[in-house]
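What follows is the content of upload.cif, which has mmCIF, C-alpha atoms:
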data_input
loop_
_atom_site.group_PDB
_atom_site.id
_atom_site.type_symbol
_atom_site.label_atom_id
_atom_site.label_comp_id
_atom_site.auth_asym_id
_atom_site.auth_seq_id
_atom_site.Cartn_x
_atom_site.Cartn_y
_atom_site.Cartn_z
ATOM 1 C CA MET S 1 -13.783 -17.071 -9.105
ATOM 2 C CA ASP S 2 -15.024 -13.738 -10.433
ATOM 3 C CA ALA S 3 -14.806 -10.779 -8.095
ATOM 4 C CA PRO S 4 -18.102 -9.805 -6.362
ATOM 5 C CA THR S 5 -19.987 -6.768 -7.698
ATOM 6 C CA PRO S 6 -19.503 -3.568 -5.675
ATOM 7 C CA VAL S 7 -22.471 -1.623 -4.311
ATOM 8 C CA GLN S 8 -22.186 2.113 -3.689
ATOM 9 C CA ASP S 9 -22.978 3.386 -0.175
ATOM 10 C CA ILE S 10 -21.916 7.002 0.241
ATOM 11 C CA SER S 11 -23.032 7.388 3.845
ATOM 12 C CA ALA S 12 -21.199 4.264 4.953
ATOM 13 C CA GLY S 13 -18.188 5.392 2.945
ATOM 14 C CA GLN S 14 -18.037 8.785 4.633
ATOM 15 C CA GLN S 15 -18.290 7.268 8.095
ATOM 16 C CA ALA S 16 -15.732 4.538 7.481
ATOM 17 C CA PHE S 17 -13.309 6.923 5.784
ATOM 18 C CA GLU S 18 -13.491 9.293 8.764
ATOM 19 C CA ARG S 19 -12.983 6.394 11.188
ATOM 20 C CA ASP S 20 -10.061 4.830 9.340
ATOM 21 C CA LEU S 21 -8.445 8.174 8.589
ATOM 22 C CA GLU S 22 -8.245 8.869 12.306
ATOM 23 C CA LYS S 23 -6.613 5.466 12.855
ATOM 24 C CA ALA S 24 -4.138 6.064 10.042
ATOM 25 C CA LEU S 25 -3.180 9.545 11.173
ATOM 26 C CA LYS S 26 -2.334 8.387 14.713
ATOM 27 C CA GLY S 27 -2.661 11.895 16.059
ATOM 28 C CA ARG S 28 -0.909 13.590 13.148
ATOM 29 C CA SER S 29 -2.609 16.013 10.802
ATOM 30 C CA PRO S 30 -3.197 15.102 7.145
ATOM 31 C CA GLU S 31 -0.889 17.984 6.202
ATOM 32 C CA GLU S 32 1.965 16.423 8.157
ATOM 33 C CA LEU S 33 1.737 13.423 5.846
ATOM 34 C CA GLY S 34 1.260 15.571 2.763
ATOM 35 C CA TRP S 35 -2.278 14.316 2.353
ATOM 36 C CA ALA S 36 -5.224 16.431 1.202
ATOM 37 C CA ILE S 37 -8.920 15.799 1.830
ATOM 38 C CA PRO S 38 -10.882 17.913 -0.679
ATOM 39 C CA ASP S 39 -14.213 16.393 0.377
ATOM 40 C CA SER S 40 -15.649 13.798 2.732
ATOM 41 C CA LEU S 41 -15.055 10.921 0.303
ATOM 42 C CA THR S 42 -11.696 11.816 -1.248
ATOM 43 C CA LEU S 43 -8.105 11.457 -0.129
ATOM 44 C CA LEU S 44 -5.179 12.715 -2.209
ATOM 45 C CA VAL S 45 -1.851 11.051 -1.439
ATOM 46 C CA PRO S 46 1.489 12.140 -2.896
ATOM 47 C CA LEU S 47 3.744 9.241 -3.822
ATOM 48 C CA TRP S 48 7.279 9.043 -5.191
ATOM 49 C CA GLY S 49 8.483 6.462 -7.658
ATOM 50 C CA GLU S 50 12.103 5.585 -6.945
ATOM 51 C CA LYS S 51 14.349 3.975 -9.539
ATOM 52 C CA THR S 52 17.323 1.744 -8.818
ATOM 53 C CA SER S 53 19.525 4.762 -9.654
ATOM 54 C CA GLY S 54 17.865 6.709 -6.841
ATOM 55 C CA ASP S 55 16.105 9.084 -9.264
ATOM 56 C CA ARG S 56 12.579 9.890 -8.109
ATOM 57 C CA ASP S 57 9.379 10.943 -9.851
ATOM 58 C CA PHE S 58 6.334 12.518 -8.258
ATOM 59 C CA TYR S 59 2.808 11.064 -8.519
ATOM 60 C CA LEU S 60 -0.545 11.869 -7.019
ATOM 61 C CA LEU S 61 -2.901 9.088 -5.999
ATOM 62 C CA ARG S 62 -6.605 9.781 -5.549
ATOM 63 C CA LEU S 63 -8.565 7.476 -3.267
ATOM 64 C CA TYR S 64 -12.363 7.664 -3.319
ATOM 65 C CA PHE S 65 -14.513 5.978 -0.718
ATOM 66 C CA ASP S 66 -18.031 5.692 -2.136
ATOM 67 C CA HIS S 67 -18.082 1.860 -1.885
ATOM 68 C CA TYR S 68 -16.020 1.680 1.302
ATOM 69 C CA PRO S 69 -15.654 -0.210 3.625
ATOM 70 C CA ALA S 70 -17.496 -3.163 2.061
ATOM 71 C CA PHE S 71 -15.140 -2.702 -0.891
ATOM 72 C CA PRO S 72 -11.754 -1.043 -1.129
ATOM 73 C CA PRO S 73 -11.402 2.596 -2.120
ATOM 74 C CA SER S 74 -11.239 3.558 -5.746
ATOM 75 C CA ALA S 75 -7.582 4.232 -6.511
ATOM 76 C CA ARG S 76 -6.313 6.163 -9.504
ATOM 77 C CA PHE S 77 -3.222 8.133 -10.326
ATOM 78 C CA VAL S 78 -4.276 11.611 -11.458
ATOM 79 C CA ASN S 79 -2.748 14.617 -13.157
ATOM 80 C CA PRO S 80 -1.788 16.881 -10.226
ATOM 81 C CA ALA S 81 -2.861 19.974 -12.176
ATOM 82 C CA THR S 82 -6.384 18.760 -12.951
ATOM 83 C CA LEU S 83 -6.883 16.052 -10.301
ATOM 84 C CA GLU S 84 -8.374 13.976 -13.133
ATOM 85 C CA TYR S 85 -7.120 11.220 -15.391
ATOM 86 C CA ARG S 86 -7.680 11.263 -19.123
ATOM 87 C CA TYR S 87 -6.107 8.794 -21.493
ATOM 88 C CA PRO S 88 -3.836 9.276 -23.372
ATOM 89 C CA GLU S 89 -2.844 12.803 -22.336
ATOM 90 C CA ASP S 90 -2.351 11.923 -18.651
ATOM 91 C CA LYS S 91 -0.693 8.523 -19.081
ATOM 92 C CA SER S 92 2.684 9.879 -17.931
ATOM 93 C CA TRP S 93 1.133 10.458 -14.497
ATOM 94 C CA VAL S 94 0.879 6.680 -14.084
ATOM 95 C CA PRO S 95 4.009 4.805 -12.949
ATOM 96 C CA ASN S 96 5.544 2.162 -15.183
ATOM 97 C CA SER S 97 6.279 -0.716 -12.818
ATOM 98 C CA PRO S 98 6.163 -4.060 -14.619
ATOM 99 C CA GLY S 99 6.857 -7.523 -13.341
ATOM 100 C CA HIS S 100 5.068 -7.846 -10.013
ATOM 101 C CA GLY S 101 2.910 -10.933 -9.643
ATOM 102 C CA GLU S 102 0.227 -9.397 -7.429
ATOM 103 C CA ILE S 103 -0.286 -5.851 -8.655
ATOM 104 C CA GLN S 104 0.052 -3.995 -11.908
ATOM 105 C CA PHE S 105 -0.629 -0.481 -13.205
ATOM 106 C CA HIS S 106 -2.553 -0.185 -16.491
ATOM 107 C CA THR S 107 -2.941 3.192 -18.199
ATOM 108 C CA ASN S 108 -5.877 2.025 -20.329
ATOM 109 C CA TYR S 109 -7.322 -1.309 -19.286
ATOM 110 C CA SER S 110 -10.057 -3.025 -21.241
ATOM 111 C CA SER S 111 -11.819 -5.841 -19.449
ATOM 112 C CA GLY S 112 -13.566 -7.003 -22.594
ATOM 113 C CA ARG S 113 -16.773 -7.335 -20.579
ATOM 114 C CA GLY S 114 -18.556 -4.188 -21.630
ATOM 115 C CA HIS S 115 -16.755 -1.820 -19.262
ATOM 116 C CA ALA S 116 -15.221 1.365 -20.616
ATOM 117 C CA ASP S 117 -11.478 1.428 -21.003
ATOM 118 C CA THR S 118 -9.979 2.950 -17.884
ATOM 119 C CA GLN S 119 -6.892 3.248 -15.768
ATOM 120 C CA LEU S 120 -6.626 0.200 -13.570
ATOM 121 C CA ILE S 121 -4.480 -0.424 -10.547
ATOM 122 C CA CYS S 122 -4.911 -4.140 -10.788
ATOM 123 C CA CYS S 123 -4.902 -5.370 -7.228
ATOM 124 C CA SER S 124 -7.544 -6.805 -4.911
ATOM 125 C CA GLN S 125 -7.068 -3.748 -2.679
ATOM 126 C CA THR S 126 -8.662 -1.332 -5.178
ATOM 127 C CA LEU S 127 -12.317 -0.879 -6.102
ATOM 128 C CA GLU S 128 -11.599 -0.961 -9.837
ATOM 129 C CA PHE S 129 -10.321 -4.510 -9.526
ATOM 130 C CA TYR S 130 -13.899 -5.510 -8.662
ATOM 131 C CA THR S 131 -15.697 -3.217 -11.114
ATOM 132 C CA VAL S 132 -13.870 -4.810 -14.051
ATOM 133 C CA ASN S 133 -14.836 -8.275 -12.767
ATOM 134 C CA HIS S 134 -11.270 -9.432 -12.463
ATOM 135 C CA SER S 135 -10.824 -13.052 -11.482
ATOM 136 C CA VAL S 136 -9.603 -13.463 -7.930
ATOM 137 C CA GLU S 137 -8.678 -16.183 -5.470
ATOM 138 C CA GLU S 138 -10.920 -16.268 -2.420
ATOM 139 C CA GLN S 139 -8.112 -15.653 0.056
ATOM 140 C CA HIS S 140 -7.241 -12.409 -1.729
ATOM 141 C CA LEU S 141 -10.709 -10.874 -1.588
ATOM 142 C CA TRP S 142 -11.065 -7.540 0.199
ATOM 143 C CA ASN S 143 -12.197 -8.205 3.762
ATOM 144 C CA PRO S 144 -13.365 -5.111 5.677
ATOM 145 C CA ALA S 145 -12.554 -6.856 8.948
ATOM 146 C CA LYS S 146 -8.918 -7.228 7.914
ATOM 147 C CA HIS S 147 -8.310 -4.427 5.427
ATOM 148 C CA ASN S 148 -8.524 -0.661 5.289
ATOM 149 C CA PHE S 149 -7.273 2.007 2.913
ATOM 150 C CA MET S 150 -3.782 1.762 4.362
ATOM 151 C CA SER S 151 -3.717 -1.782 2.945
ATOM 152 C CA THR S 152 -4.384 -0.199 -0.442
ATOM 153 C CA LEU S 153 -1.545 2.286 -0.032
ATOM 154 C CA SER S 154 0.861 -0.400 1.177
ATOM 155 C CA ALA S 155 0.086 -2.555 -1.855
ATOM 156 C CA ILE S 156 0.583 0.322 -4.291
ATOM 157 C CA ARG S 157 3.852 1.365 -2.643
ATOM 158 C CA ARG S 158 5.308 -2.043 -3.514
ATOM 159 C CA LEU S 159 5.500 -0.909 -7.121
ATOM 160 C CA MET S 160 6.974 2.510 -6.355
ATOM 161 C CA VAL S 161 10.414 1.167 -5.410
ATOM 162 C CA PRO S 162 13.197 -0.900 -7.017
ATOM 163 C CA PRO S 163 13.275 -3.301 -8.705
ATOM 164 C CA TYR S 164 9.783 -2.555 -10.064
ATOM 165 C CA TYR S 165 9.609 1.183 -10.672
ATOM 166 C CA GLN S 166 11.064 2.053 -14.087
ATOM 167 C CA GLY S 167 9.772 5.571 -14.736
ATOM 168 C CA ARG S 168 6.656 7.179 -16.159
ATOM 169 C CA ALA S 169 4.265 5.185 -18.321
ATOM 170 C CA GLU S 170 4.737 5.811 -22.035
ATOM 171 C CA THR S 171 1.939 3.725 -23.544
ATOM 172 C CA MET U 1 16.971 -12.532 19.959
ATOM 173 C CA ASN U 2 20.482 -11.376 20.755
ATOM 174 C CA GLY U 3 20.158 -9.943 24.247
ATOM 175 C CA ASN U 4 17.285 -7.774 25.305
ATOM 176 C CA GLY U 5 18.124 -4.924 22.948
ATOM 177 C CA LYS U 6 18.214 -2.381 25.766
ATOM 178 C CA GLY U 7 19.968 0.710 24.507
ATOM 179 C CA GLY U 8 19.950 -0.620 20.961
ATOM 180 C CA PRO U 9 18.167 0.951 18.035
ATOM 181 C CA LYS U 10 14.399 1.319 18.241
ATOM 182 C CA VAL U 11 12.393 -0.537 15.628
ATOM 183 C CA GLU U 12 8.750 0.054 14.714
ATOM 184 C CA PHE U 13 6.272 -2.408 13.296
ATOM 185 C CA GLU U 14 2.815 -1.573 11.994
ATOM 186 C CA HIS U 15 0.127 -4.175 11.430
ATOM 187 C CA VAL U 16 -1.544 -2.548 8.447
ATOM 188 C CA GLY U 17 -4.821 -4.426 8.730
ATOM 189 C CA THR U 18 -5.491 -3.123 12.234
ATOM 190 C CA SER U 19 -3.376 0.068 12.069
ATOM 191 C CA ARG U 20 -1.789 -1.026 15.352
ATOM 192 C CA GLU U 21 1.869 -0.266 15.980
ATOM 193 C CA VAL U 22 4.519 -1.465 18.371
ATOM 194 C CA ASP U 23 8.054 -0.304 18.928
ATOM 195 C CA PHE U 24 10.869 -1.788 20.928
ATOM 196 C CA HIS U 25 14.602 -1.655 21.256
ATOM 197 C CA ALA U 26 16.550 -4.264 19.312
ATOM 198 C CA SER U 27 20.130 -5.275 18.714
ATOM 199 C CA ASP U 28 21.929 -4.609 15.441
ATOM 200 C CA GLU U 29 22.629 -8.348 15.353
ATOM 201 C CA ASP U 30 18.952 -9.361 15.493
ATOM 202 C CA THR U 31 17.665 -10.824 12.267
ATOM 203 C CA LEU U 32 14.582 -9.439 10.613
ATOM 204 C CA GLN U 33 12.813 -12.748 11.264
ATOM 205 C CA GLN U 34 13.556 -12.434 14.981
ATOM 206 C CA LEU U 35 12.292 -8.871 15.032
ATOM 207 C CA TRP U 36 9.125 -9.833 13.181
ATOM 208 C CA ASP U 37 8.500 -12.659 15.659
ATOM 209 C CA LYS U 38 8.930 -10.239 18.554
ATOM 210 C CA ALA U 39 6.581 -7.716 16.937
ATOM 211 C CA VAL U 40 3.876 -10.338 16.410
ATOM 212 C CA GLU U 41 4.191 -11.333 20.067
ATOM 213 C CA LEU U 42 3.784 -7.716 21.199
ATOM 214 C CA LEU U 43 0.997 -6.917 18.752
ATOM 215 C CA LYS U 44 -0.969 -9.978 19.825
ATOM 216 C CA GLU U 45 -2.315 -10.241 16.299
ATOM 217 C CA PRO U 46 -2.516 -13.704 14.754
ATOM 218 C CA ARG U 47 -0.005 -14.180 11.965
ATOM 219 C CA GLY U 48 -1.608 -15.116 8.663
ATOM 220 C CA PRO U 49 0.042 -17.798 6.523
ATOM 221 C CA GLU U 50 0.529 -15.317 3.683
ATOM 222 C CA ASP U 51 1.461 -12.284 5.752
ATOM 223 C CA ARG U 52 4.554 -10.494 4.552
ATOM 224 C CA LEU U 53 6.901 -7.826 5.701
ATOM 225 C CA GLN U 54 7.723 -4.669 3.784
ATOM 226 C CA SER U 55 9.380 -1.356 4.503
ATOM 227 C CA PHE U 56 7.266 1.785 4.839
ATOM 228 C CA LYS U 57 8.529 2.801 1.397
ATOM 229 C CA GLY U 58 7.180 -0.453 -0.046
ATOM 230 C CA THR U 59 10.293 -2.611 -0.398
ATOM 231 C CA ASP U 60 9.508 -6.312 -0.115
ATOM 232 C CA LEU U 61 11.578 -7.646 2.779
ATOM 233 C CA MET U 62 10.594 -11.311 2.556
ATOM 234 C CA PRO U 63 13.820 -12.268 0.719
ATOM 235 C CA HIS U 64 15.847 -10.655 3.507
ATOM 236 C CA LEU U 65 14.433 -12.190 6.689
ATOM 237 C CA SER U 66 17.750 -13.835 7.584
ATOM 238 C CA LEU U 67 19.673 -10.564 7.456
ATOM 239 C CA THR U 68 20.496 -8.654 10.619
ATOM 240 C CA LEU U 69 19.365 -5.115 11.230
ATOM 241 C CA LYS U 70 22.936 -3.950 10.590
ATOM 242 C CA GLN U 71 23.156 -5.857 7.316
ATOM 243 C CA LEU U 72 19.841 -4.383 6.153
ATOM 244 C CA LYS U 73 21.163 -0.892 6.778
ATOM 245 C CA ASP U 74 24.658 -1.544 5.400
ATOM 246 C CA GLN U 75 23.237 -3.043 2.217
ATOM 247 C CA LYS U 76 20.839 -0.079 1.922
ATOM 248 C CA ILE U 77 17.818 -2.378 1.804
ATOM 249 C CA ILE U 78 16.139 -0.167 4.402
ATOM 250 C CA ASP U 79 16.703 3.478 5.227
ATOM 251 C CA ALA U 80 14.564 3.485 8.360
ATOM 252 C CA ARG U 81 13.829 0.917 11.036
ATOM 253 C CA LYS U 82 10.114 0.996 10.329
ATOM 254 C CA PHE U 83 8.341 -2.061 9.019
ATOM 255 C CA GLN U 84 4.852 -3.000 7.919
ATOM 256 C CA ILE U 85 3.126 -6.354 8.260
ATOM 257 C CA VAL U 86 0.748 -6.706 5.323
ATOM 258 C CA GLY U 87 -1.659 -9.377 4.197
ATOM 259 C CA PRO U 88 -1.850 -11.144 0.837
ATOM 260 C CA THR U 89 -3.207 -9.476 -2.291
ATOM 261 C CA GLY U 90 -4.180 -10.700 -5.723
ATOM 262 C CA GLY U 91 -4.217 -9.095 -9.114
ATOM 263 C CA ALA U 92 -1.865 -8.221 -11.992
#
What would you get if you wrote out this structure as structure tokens?
Amino acid sequence: MDAPTPVQDISAGQQAFERDLEKALKGRSPEELGWAIPDSLTLLVPLWGEKTSGDRDFYLLRLYFDHYPAFPPSARFVNPATLEYRYPEDKSWVPNSPGHGEIQFHTNYSSGRGHADTQLICCSQTLEFYTVNHSVEEQHLWNPAKHNFMSTLSAIRRLMVPPYYQGRAET
Amino acid sequence: MNGNGKGGPKVEFEHVGTSREVDFHASDEDTLQQLWDKAVELLKEPRGPEDRLQSFKGTDLMPHLSLTLKQLKDQKIIDARKFQIVGPTGGA
């Protein structure tokens, strides 16, 4: 089946982000986790890509909650200096982690369905997966009763460790 | 499980979907499968058929369910005794 079409709801997103952030923090401050919250809809999460050799590379993930919780947060790796992503100059700020069957990072994805080329974290736990009309099995659809943004982070972290993480994207 | 784990290392499990956590003392000889079973019992969350276990760093632990806690540490598969129960995802 094709993924359902997301509908933006900023007010609901702000409320659900605040609610789920409190659950995720478990009494800690965002700073203790290295997180930053520049506005009421945005969460910046530092992540490390770790190679089999143990070498590590730094990345910054930006989650945006304007369709949340009915849909997952938007998730994009961004240039830490600009907090934006522009292709091709920022492609090295996207991890190169091929070979996983359930999630993949694309530096410049084209859906071929009239959507602009964009970075895509191709996983049913990101908003972009739905905006590009990716095909999806029903049991993998985002379910706000079962999922929250920590599900998104957990899915993305699977590609930040061996054997998947290979280094920075080059294409 | 091997004994009641009293005095053994503490392990932590998080059910990502609900953000609920449990911790308990285990034995180094407990297998990951045994620990997961115990965590599900304590969490009182139904186990989904496609649920999986991963480390907090993101390492997939499903191929290692038969290993003991000691083996997981000795083989450097985990560097902390913190685990996440996550649901299925699609994509790629």
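This file gives the following result for the PyMOL selection byres ((chain S) within 7 of (chain U)): Lys23, Ala24, Gly101, Glu102, Ile103, Gln104, Cys122, Cys123, Ser124, Gln125, Val136, His140, Lys146, His147, Asn148, Met150, Ser151, Ser154, Arg157, Arg158, Met160 and Val161 of chain S.
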Point to revise | Residues returned when the PyMOL selection byres ((chain S and resi 51) around 7) runs on this file, as a ChimeraX atom specification | key: /S:49-50,52-56,161-162,165-166
Check your understanding: For the file shown, what are the residues hit by the PyMOL selection byres ((chain S and resi 57-61) around 6), laid out as a PyMOL selection string?
Key -> chain S and resi 44-49+56+62+76-78
Practice item. Using all atoms listed in the file, determine which residues lie at most 7 Å from segment 69-80 of chain U, disregarding the query and same-chain residues fewer than 3 positions distant; provide the list as an NGL selection string. Key: :U and (28-32 or 55)
Export, as an mmCIF file, in the coordinates of the input, the selected residues with C-alpha atoms.
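File out.cif, as written:
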data_model
loop_
_atom_site.group_PDB
_atom_site.id
_atom_site.type_symbol
_atom_site.label_atom_id
_atom_site.label_comp_id
_atom_site.auth_asym_id
_atom_site.auth_seq_id
_atom_site.Cartn_x
_atom_site.Cartn_y
_atom_site.Cartn_z
ATOM 1 C CA ASP U 28 21.929 -4.609 15.441
ATOM 2 C CA GLU U 29 22.629 -8.348 15.353
ATOM 3 C CA ASP U 30 18.952 -9.361 15.493
ATOM 4 C CA THR U 31 17.665 -10.824 12.267
ATOM 5 C CA LEU U 32 14.582 -9.439 10.613
ATOM 6 C CA SER U 55 9.380 -1.356 4.503
#
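Interatomic distance, atom CA of Thr171 of chain S to atom CA of Tyr109 of chain S: 11.4 Å.
One distance worth recording is that between atom CA of Gly8 of chain U and atom CA of Trp36 of chain U, which is 16.2 Å.
The interatomic distance for the pair atom CA of Pro38 of chain S and atom CA of Leu63 of chain S works out to 11.0 Å.
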Review point. Is there a way to get, as a ChimeraX atom specification, all residues within 9 Å of the point (-15.3, -6.8, 3.3) in file coordinates, counting only C-alpha atoms?
Key: /S:68-72,141-147
Test item: residues at most 7 Å from segment 4-7 of chain S, only C-alpha atoms, excluding those fewer than 3 positions along its chain, as a PDB file with C-alpha atoms, keeping the file's coordinate frame:
ATOM      1  CA  HIS S  67     -18.082   1.860  -1.885  1.00  0.00           C
ATOM      2  CA  PHE S  71     -15.140  -2.702  -0.891  1.00  0.00           C
ATOM      3  CA  TYR S 130     -13.899  -5.510  -8.662  1.00  0.00           C
ATOM      4  CA  THR S 131     -15.697  -3.217 -11.114  1.00  0.00           C
TER       5      THR S 131
END
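The point (7.4, -2.6, 14.9) has these residues within 8 Å of it when only C-alpha atoms are used: Val11, Glu12, Phe13, Glu14, Glu21, Val22, Asp23, Phe24, Leu35, Trp36, Ala39, Lys82, Phe83 and Gln84 of chain U.
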